[in-house]
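Source file model_35.cif; content: mmCIF, C-alpha atoms and all ligand atoms.
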```cif
data_query
loop_
_atom_site.label_atom_id
_atom_site.label_comp_id
_atom_site.auth_asym_id
_atom_site.auth_seq_id
_atom_site.Cartn_x
_atom_site.Cartn_y
_atom_site.Cartn_z
CA MET A 3 30.07 15.11 -3.70
CA ALA A 4 27.03 17.00 -5.01
CA LYS A 5 27.48 20.75 -5.10
CA LYS A 6 25.37 22.58 -2.50
CA LYS A 7 22.39 24.30 -4.05
CA THR A 8 21.81 27.98 -3.47
CA ILE A 9 19.08 30.37 -4.46
CA ARG A 10 21.33 31.52 -7.33
CA THR A 11 22.06 28.06 -8.72
CA ILE A 12 18.55 26.55 -8.77
CA PRO A 13 16.24 27.03 -11.79
CA GLN A 14 14.99 30.57 -11.32
CA GLU A 15 11.58 30.13 -12.92
CA ARG A 16 8.88 27.89 -11.48
CA THR A 17 8.20 25.05 -13.94
CA PRO A 18 4.88 25.79 -15.65
CA MET A 19 2.16 23.14 -15.87
CA ARG A 20 0.70 22.44 -19.28
CA GLU A 21 -2.95 23.38 -19.78
CA GLN A 22 -5.57 22.49 -22.34
CA ASP A 23 -5.72 24.89 -25.25
CA PRO A 24 -8.48 27.45 -24.55
CA VAL A 25 -10.19 26.67 -27.86
CA GLU A 26 -10.26 22.98 -27.00
CA ARG A 27 -11.23 23.37 -23.36
CA ALA A 28 -14.20 25.54 -24.32
CA LYS A 29 -15.67 22.38 -25.87
CA ASN A 30 -15.23 19.96 -22.98
CA PHE A 31 -15.38 19.55 -19.21
CA GLU A 32 -11.99 17.88 -18.87
CA GLU A 33 -9.46 19.12 -16.37
CA VAL A 34 -7.83 22.34 -17.58
CA ALA A 35 -4.44 21.73 -15.94
CA CYS A 36 -2.75 18.66 -17.47
CA GLY A 37 -0.19 17.91 -14.75
CA TYR A 38 3.58 17.63 -14.90
CA HIS A 39 5.49 15.51 -17.37
CA PRO A 40 8.29 13.56 -15.61
CA ASP A 41 10.86 16.01 -17.03
CA ASP A 42 8.87 18.92 -15.56
CA ALA A 43 8.81 17.23 -12.15
CA MET A 44 12.56 16.54 -12.26
CA ARG A 45 13.29 20.14 -13.10
CA GLU A 46 10.99 21.51 -10.41
CA SER A 47 12.49 19.15 -7.83
CA GLU A 48 15.84 20.84 -8.48
CA ARG A 49 14.41 24.07 -7.12
CA CYS A 50 14.10 22.70 -3.58
CA LEU A 51 17.03 23.89 -1.46
CA MET A 52 16.59 21.06 1.09
CA CYS A 53 16.83 23.77 3.70
CA PRO A 54 17.69 22.51 7.19
CA ASP A 55 14.81 24.19 9.02
CA GLN A 56 12.21 22.89 6.48
CA PRO A 57 9.44 25.44 7.11
CA CYS A 58 7.30 23.77 4.43
CA ILE A 59 6.76 20.76 6.71
CA SER A 60 5.30 22.85 9.52
CA GLY A 61 3.24 24.71 6.88
CA CYS A 62 1.59 21.44 5.83
CA PRO A 63 -1.49 20.56 7.92
CA VAL A 64 -0.54 16.88 7.92
CA GLY A 65 3.22 17.43 8.23
CA ILE A 66 4.30 15.72 5.00
CA ASP A 67 8.08 15.26 4.73
CA ILE A 68 8.13 17.60 1.72
CA PRO A 69 11.90 17.84 1.10
CA GLY A 70 12.04 14.05 1.57
CA PHE A 71 9.55 13.30 -1.19
CA ILE A 72 11.00 15.99 -3.47
CA LYS A 73 14.47 14.48 -3.01
CA LYS A 74 13.12 11.11 -4.11
CA ILE A 75 11.67 12.71 -7.26
CA GLY A 76 15.11 14.16 -7.99
CA GLU A 77 16.56 10.67 -7.60
CA LYS A 78 13.88 9.34 -10.02
CA ASP A 79 12.61 7.12 -7.20
CA LEU A 80 8.92 7.91 -7.64
CA ARG A 81 7.75 4.91 -5.63
CA GLY A 82 9.94 6.17 -2.79
CA ALA A 83 8.37 9.62 -3.13
CA TYR A 84 4.91 8.02 -2.95
CA ASP A 85 5.89 6.00 0.13
CA ILE A 86 6.93 9.20 1.92
CA LEU A 87 3.74 11.02 0.91
CA THR A 88 1.52 8.21 2.12
CA GLU A 89 3.17 8.10 5.54
CA THR A 90 0.97 11.07 6.42
CA SER A 91 -1.46 11.63 3.53
CA LEU A 92 -4.20 9.40 2.15
CA LEU A 93 -5.05 11.64 -0.78
CA PRO A 94 -1.95 12.95 -2.56
CA ALA A 95 -3.57 13.24 -5.99
CA ILE A 96 -6.49 15.18 -4.51
CA CYS A 97 -4.45 17.32 -2.10
CA GLY A 98 -1.99 18.15 -4.87
CA ARG A 99 -4.92 19.64 -6.75
CA VAL A 100 -7.16 21.32 -4.20
CA CYS A 101 -5.07 22.22 -1.12
CA PRO A 102 -4.47 25.99 -0.83
CA GLN A 103 -0.68 25.48 -1.00
CA GLU A 104 -0.09 29.21 -1.43
CA ASN A 105 -1.26 29.67 2.17
CA GLN A 106 0.34 26.51 3.51
CA CYS A 107 3.58 24.76 2.46
CA GLU A 108 4.35 27.00 -0.53
CA GLY A 109 3.44 30.10 1.45
CA VAL A 110 6.36 29.51 3.82
CA CYS A 111 8.82 27.95 1.33
CA THR A 112 12.27 29.55 1.68
CA VAL A 113 12.64 29.85 -2.10
CA GLY A 114 9.51 32.01 -2.08
CA GLU A 115 11.36 34.73 -0.15
CA THR A 116 13.33 35.52 -3.32
CA LEU A 117 11.72 33.69 -6.25
CA GLU A 118 8.44 31.89 -6.81
CA PRO A 119 8.19 29.08 -4.25
CA VAL A 120 8.80 25.45 -5.13
CA ALA A 121 5.65 24.05 -6.80
CA ILE A 122 5.04 21.55 -3.99
CA GLY A 123 1.39 20.95 -4.88
CA ARG A 124 2.18 20.21 -8.51
CA LEU A 125 4.88 17.75 -7.45
CA GLU A 126 2.50 16.06 -5.02
CA ARG A 127 -0.12 15.77 -7.74
CA PHE A 128 2.48 14.33 -10.12
CA VAL A 129 3.42 11.59 -7.64
CA GLY A 130 -0.24 10.90 -6.75
CA ASP A 131 -1.17 10.55 -10.43
CA MET A 132 1.83 8.31 -11.04
CA ALA A 133 0.69 6.07 -8.18
CA ILE A 134 -2.77 5.77 -9.74
CA ALA A 135 -1.30 4.99 -13.16
CA GLN A 136 1.03 2.38 -11.68
CA GLY A 137 -1.51 0.90 -9.25
CA TRP A 138 0.58 1.63 -6.17
CA ALA A 139 -0.98 1.57 -2.70
CA ASN A 140 0.44 1.18 0.78
CA ILE A 141 -2.10 -0.80 2.75
CA PRO A 142 -0.79 -2.38 5.93
CA TYR A 143 -1.88 -5.76 7.27
CA ILE A 144 -5.16 -5.14 9.08
CA GLU A 145 -5.84 -7.02 12.34
CA PRO A 146 -9.61 -6.80 12.94
CA ASN A 147 -10.72 -5.55 16.36
CA ARG A 148 -14.22 -5.61 17.82
CA PHE A 149 -14.90 -1.89 17.63
CA LYS A 150 -17.67 -0.56 15.42
CA VAL A 151 -17.39 2.98 14.15
CA GLY A 152 -20.15 5.03 12.48
CA ILE A 153 -19.29 7.94 10.21
CA VAL A 154 -21.84 10.40 8.88
CA GLY A 155 -20.81 11.80 5.50
CA SER A 156 -18.42 10.36 2.91
CA GLY A 157 -16.60 13.59 2.06
CA PRO A 158 -12.85 14.03 2.57
CA ALA A 159 -13.06 14.05 6.38
CA GLY A 160 -15.34 11.00 6.44
CA MET A 161 -13.19 9.12 3.91
CA ALA A 162 -9.96 9.89 5.73
CA CYS A 163 -11.46 8.88 9.07
CA ALA A 164 -13.00 5.72 7.58
CA ALA A 165 -9.70 4.68 6.02
CA ASP A 166 -7.74 5.31 9.24
CA MET A 167 -10.31 3.44 11.34
CA ALA A 168 -10.39 0.55 8.84
CA LYS A 169 -6.60 0.37 8.91
CA ALA A 170 -6.81 0.23 12.71
CA GLY A 171 -9.07 -2.82 12.35
CA CYS A 172 -12.45 -1.26 13.14
CA ASP A 173 -15.71 -2.27 11.51
CA VAL A 174 -16.74 0.98 9.83
CA THR A 175 -20.10 2.09 8.48
CA VAL A 176 -20.29 5.32 6.51
CA TYR A 177 -23.67 7.01 6.10
CA GLU A 178 -24.16 9.12 3.00
CA ALA A 179 -27.29 10.98 1.92
CA PHE A 180 -26.31 11.14 -1.76
CA HIS A 181 -26.10 8.25 -4.18
CA LEU A 182 -22.32 8.20 -4.52
CA PRO A 183 -19.55 8.70 -1.96
CA GLY A 184 -17.14 11.62 -2.13
CA GLY A 185 -19.03 14.58 -0.67
CA VAL A 186 -17.45 17.87 -1.75
CA LEU A 187 -14.88 16.05 -3.88
CA ARG A 188 -17.65 14.65 -6.06
CA TYR A 189 -20.38 17.24 -5.79
CA GLY A 190 -18.61 20.46 -4.76
CA ILE A 191 -15.69 20.77 -7.18
CA PRO A 192 -16.43 21.54 -10.83
CA ASP A 193 -15.36 18.92 -13.37
CA PHE A 194 -12.70 21.12 -14.94
CA ARG A 195 -10.66 21.02 -11.71
CA PRO A 196 -10.29 17.31 -10.81
CA ALA A 197 -12.37 15.78 -13.59
CA GLN A 198 -15.08 13.58 -12.12
CA HIS A 199 -14.46 10.58 -14.33
CA ARG A 200 -10.87 10.51 -13.08
CA ASP A 201 -11.83 11.29 -9.52
CA ARG A 202 -13.57 7.94 -9.26
CA ARG A 203 -10.31 6.07 -9.60
CA ARG A 204 -8.11 8.58 -7.83
CA ASP A 205 -6.12 7.85 -4.71
CA ARG A 206 -6.24 4.13 -4.06
CA GLU A 207 -5.31 4.23 -0.39
CA PRO A 208 -8.75 5.02 1.02
CA ARG A 209 -10.45 3.05 -1.73
CA LYS A 210 -8.58 -0.14 -0.83
CA ALA A 211 -9.11 0.37 2.88
CA TRP A 212 -12.72 1.05 1.88
CA ARG A 213 -13.15 -2.70 1.53
CA GLN A 214 -13.37 -2.76 5.31
CA VAL A 215 -16.07 -0.11 5.11
CA ARG A 216 -19.80 -0.40 4.44
CA MET A 217 -21.74 2.41 2.81
CA GLN A 218 -25.31 3.02 3.93
CA HIS A 219 -27.83 5.55 2.78
CA ALA A 220 -28.39 8.05 5.57
CA GLY A 221 -32.13 8.06 5.03
CA ARG A 222 -34.33 5.93 7.27
CA PRO A 223 -34.17 5.17 10.10
CA PRO A 224 -32.51 8.46 11.02
CA VAL A 225 -28.79 8.17 11.68
CA HIS A 226 -29.07 9.44 15.25
CA ASP A 227 -31.34 6.48 16.08
CA ARG A 228 -28.43 4.17 15.32
CA ALA A 229 -25.82 5.92 17.45
CA ASP A 230 -25.92 3.24 20.14
CA ASP A 231 -24.72 0.65 17.62
CA TYR A 232 -21.28 2.21 17.60
CA ARG A 233 -18.36 2.55 19.93
CA ALA A 234 -17.41 5.87 18.28
CA GLY A 235 -18.75 8.18 15.62
CA LEU A 236 -17.76 11.10 13.44
S1 LIG B 1 10.94 25.27 2.37
FE1 LIG B 1 10.95 25.10 0.11
S2 LIG B 1 13.12 24.97 -0.41
FE2 LIG B 1 13.00 24.53 1.80
S3 LIG B 1 12.85 22.29 1.98
FE3 LIG B 1 10.75 23.08 1.86
S4 LIG B 1 10.20 23.01 -0.34
FE4 LIG B 1 12.43 22.85 -0.19
#
```

Rendering of file as structure tokens:
Amino acid sequence: MAKKKTIRTIPQERTPMREQDPVERAKNFEEVACGYHPDDAMRESERCLMCPDQPCISGCPVGIDIPGFIKKIGEKDLRGAYDILTETSLLPAICGRVCPQENQCEGVCTVGETLEPVAIGRLERFVGDMAIAQGWANIPYIEPNRFKVGIVGSGPAGMACAADMAKAGCDVTVYEAFHLPGGVLRYGIPDFRPAQHRDRRRDREPRKAWRQVRMQHAGRPPVHDRADDYRAGL
């Protein structure tokens, strides 16, 4: 039987994430943080105490089963970790990068009361990136219904809503004023955070569900003139 972990027996230091050399990164717009190597992720997963009250879950806005996906990493079952993440999150590779974890899941992590908290965001990013590299996606069978949904804006809220509505079988139209979808993910985050060229292929869940979704330029006629076309809108 595995020995019970305690705050004294887990790795005391948070596993650092490799970064581009400053001399190199001064010459490019690539992402500065390079992400975890599998060995880094395994080590960091050992720092989770699997505490029974799991405050990290209530600290996550979408209630991800954080100890569940971390346990799967520790078991080297990365597909299992991805399956748990995508039960409640469409964008693990993005959320692992841009969520303010220090104020959410990591801010209430039990380990953080004594040491640096478990690097939940880095682990989420690791699994999200692995899913992209491996081509994983969890898209359920979609039974079309007769509801039409209009969504104004293709930023994170619009994308998440479009994907959920498409999965529910709705006929979705997303209106976007700019040339490319993504909103703040594409136009509001500098390249050296989630590099734009990678962003385009990141997180397959909404992109696959996106096949059910039409993009339209939100120019003319004005979007509000088309409101009656839809059963619901965002
Ligand atoms: S609060 Fe921290 S240590 Fe406890 S289950 Fe969540 S991630 Fe693990």

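Straight-line separation from CA of Met161 (chain A) to CA of Arg99 (chain A): 17.1 Å.
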
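We find CA of Met52 (chain A) and CA of Lys6 (chain A) to be spaced 9.6 Å apart.
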
Minimum-distance residue to Pro57 (chain A), chosen among A:Ala95, A:Cys107, A:Leu236, A:Val113 (using all atoms listed in the file):
A:Cys107

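Ranking A:Thr112, A:Thr11, A:Gln22, A:Asn140 by their shortest atom-to-atom distance to ligand LIG 1 (chain B), with all atoms listed in the file included, puts A:Thr112 first.
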
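Among the candidate residues A:Lys78, A:Lys7, A:Lys29, A:Arg233, the one lying nearest to ligand LIG 1 (chain B) is A:Lys7, with distances computed using all atoms listed in the file.
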
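Picture a line from CA of Met167 (chain A) to CA of Pro102 (chain A); it runs 26.3 Å.
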
Let me see if you get this right: every residue at most 7 Å from ligand LIG 1 (chain B), counting only C-alpha atoms and all ligand atoms, written as a short mmCIF file (atom, residue, chain, number, x, y, z; two decimals) with C-alpha atoms, keeping the file's coordinate frame.
```cif
data_model
loop_
_atom_site.label_atom_id
_atom_site.label_comp_id
_atom_site.auth_asym_id
_atom_site.auth_seq_id
_atom_site.Cartn_x
_atom_site.Cartn_y
_atom_site.Cartn_z
CA ARG A 49 14.41 24.07 -7.12
CA CYS A 50 14.10 22.70 -3.58
CA LEU A 51 17.03 23.89 -1.46
CA MET A 52 16.59 21.06 1.09
CA CYS A 53 16.83 23.77 3.70
CA GLN A 56 12.21 22.89 6.48
CA PRO A 57 9.44 25.44 7.11
CA CYS A 58 7.30 23.77 4.43
CA ILE A 59 6.76 20.76 6.71
CA ILE A 68 8.13 17.60 1.72
CA PRO A 69 11.90 17.84 1.10
CA GLU A 108 4.35 27.00 -0.53
CA VAL A 110 6.36 29.51 3.82
CA CYS A 111 8.82 27.95 1.33
CA THR A 112 12.27 29.55 1.68
CA VAL A 113 12.64 29.85 -2.10
CA PRO A 119 8.19 29.08 -4.25
CA VAL A 120 8.80 25.45 -5.13
CA ILE A 122 5.04 21.55 -3.99
#
```

May I ask which of the residues A:Arg45, A:His39, A:Arg228, A:Lys150 is the closest one to Arg16 (chain A), counting only C-alpha atoms?
A:Arg45

The centre and edge lengths of an axis-aligned box containing all atoms of region 123-129 of chain A present in the file, extended by 5 Å on each side, are to be given in Å to one decimal, as lines of an AutoDock Vina configuration file.
```
center_x = 2.4
center_y = 16.3
center_z = -7.5
size_x = 15.0
size_y = 19.4
size_z = 15.2
```

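In this comparison, which uses only C-alpha atoms, the residue of A:Gly152, A:Gly82, A:Gly123, A:Gly185 approaching Cys101 (chain A) most closely is A:Gly123.
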
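Proximity ranking of A:Pro142, A:Pro54, A:Gly70, A:Pro63 relative to Cys97 (chain A) places A:Pro63 first, based on only C-alpha atoms.
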
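Once Lys74 (chain A) and its same-chain neighbours fewer than 6 positions away are set aside, A:Ser47, A:Leu80, A:Arg81, A:Gly82, A:Ala83, A:Tyr84, A:Ile86 remain within 9 Å of it when counting all atoms listed in the file.
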
Taking the partial coordinates given, rebuild region 87-114 of chain A to contain N, CA and C atoms; return it as a short mmCIF file (atom, residue, chain, number, x, y, z; two decimals), keeping the file's coordinate frame.
```cif
data_model
loop_
_atom_site.label_atom_id
_atom_site.label_comp_id
_atom_site.auth_asym_id
_atom_site.auth_seq_id
_atom_site.Cartn_x
_atom_site.Cartn_y
_atom_site.Cartn_z
N LEU A 87 5.01 10.28 0.88
CA LEU A 87 3.74 11.02 0.91
C LEU A 87 2.68 10.27 1.71
N THR A 88 2.60 8.97 1.50
CA THR A 88 1.52 8.21 2.12
C THR A 88 1.80 7.84 3.58
N GLU A 89 2.96 8.24 4.09
CA GLU A 89 3.17 8.10 5.54
C GLU A 89 2.19 8.98 6.30
N THR A 90 1.83 10.12 5.70
CA THR A 90 0.97 11.07 6.42
C THR A 90 -0.25 11.53 5.61
N SER A 91 -0.33 11.16 4.35
CA SER A 91 -1.46 11.63 3.53
C SER A 91 -2.12 10.48 2.80
N LEU A 92 -3.45 10.43 2.86
CA LEU A 92 -4.20 9.40 2.15
C LEU A 92 -4.55 9.83 0.73
N LEU A 93 -4.47 11.12 0.46
CA LEU A 93 -5.05 11.64 -0.78
C LEU A 93 -4.08 12.54 -1.55
N PRO A 94 -2.90 12.04 -1.91
CA PRO A 94 -1.95 12.95 -2.56
C PRO A 94 -2.43 13.52 -3.89
N ALA A 95 -3.13 12.72 -4.69
CA ALA A 95 -3.57 13.24 -5.99
C ALA A 95 -4.64 14.32 -5.81
N ILE A 96 -5.46 14.17 -4.78
CA ILE A 96 -6.49 15.18 -4.51
C ILE A 96 -5.85 16.40 -3.86
N CYS A 97 -5.05 16.18 -2.81
CA CYS A 97 -4.45 17.32 -2.10
C CYS A 97 -3.54 18.12 -3.02
N GLY A 98 -2.85 17.44 -3.93
CA GLY A 98 -1.99 18.15 -4.87
C GLY A 98 -2.77 19.08 -5.77
N ARG A 99 -4.08 18.80 -5.90
CA ARG A 99 -4.92 19.64 -6.75
C ARG A 99 -5.66 20.73 -5.98
N VAL A 100 -6.20 20.38 -4.83
CA VAL A 100 -7.16 21.32 -4.20
C VAL A 100 -6.67 21.96 -2.91
N CYS A 101 -5.56 21.53 -2.33
CA CYS A 101 -5.07 22.22 -1.12
C CYS A 101 -4.68 23.66 -1.48
N PRO A 102 -4.91 24.61 -0.58
CA PRO A 102 -4.47 25.99 -0.83
C PRO A 102 -2.98 26.12 -0.49
N GLN A 103 -2.12 25.52 -1.31
CA GLN A 103 -0.68 25.48 -1.00
C GLN A 103 -0.09 26.87 -0.81
N GLU A 104 -0.66 27.85 -1.53
CA GLU A 104 -0.09 29.21 -1.43
C GLU A 104 -0.19 29.76 -0.01
N ASN A 105 -1.13 29.23 0.77
CA ASN A 105 -1.26 29.67 2.17
C ASN A 105 -0.65 28.67 3.14
N GLN A 106 -0.18 27.55 2.62
CA GLN A 106 0.34 26.51 3.51
C GLN A 106 1.82 26.28 3.18
N CYS A 107 2.16 25.10 2.68
CA CYS A 107 3.58 24.76 2.46
C CYS A 107 4.30 25.75 1.55
N GLU A 108 3.67 26.10 0.41
CA GLU A 108 4.35 27.00 -0.53
C GLU A 108 4.41 28.42 0.02
N GLY A 109 3.46 28.75 0.88
CA GLY A 109 3.44 30.10 1.45
C GLY A 109 4.62 30.37 2.38
N VAL A 110 5.23 29.32 2.91
CA VAL A 110 6.36 29.51 3.82
C VAL A 110 7.66 28.94 3.24
N CYS A 111 7.63 28.53 1.97
CA CYS A 111 8.82 27.95 1.33
C CYS A 111 9.94 29.00 1.27
N THR A 112 11.13 28.63 1.65
CA THR A 112 12.27 29.55 1.68
C THR A 112 12.55 30.15 0.31
N VAL A 113 12.40 29.35 -0.74
CA VAL A 113 12.64 29.85 -2.10
C VAL A 113 11.70 31.02 -2.40
N GLY A 114 10.51 30.96 -1.84
CA GLY A 114 9.51 32.01 -2.08
C GLY A 114 9.89 33.37 -1.51
#
```
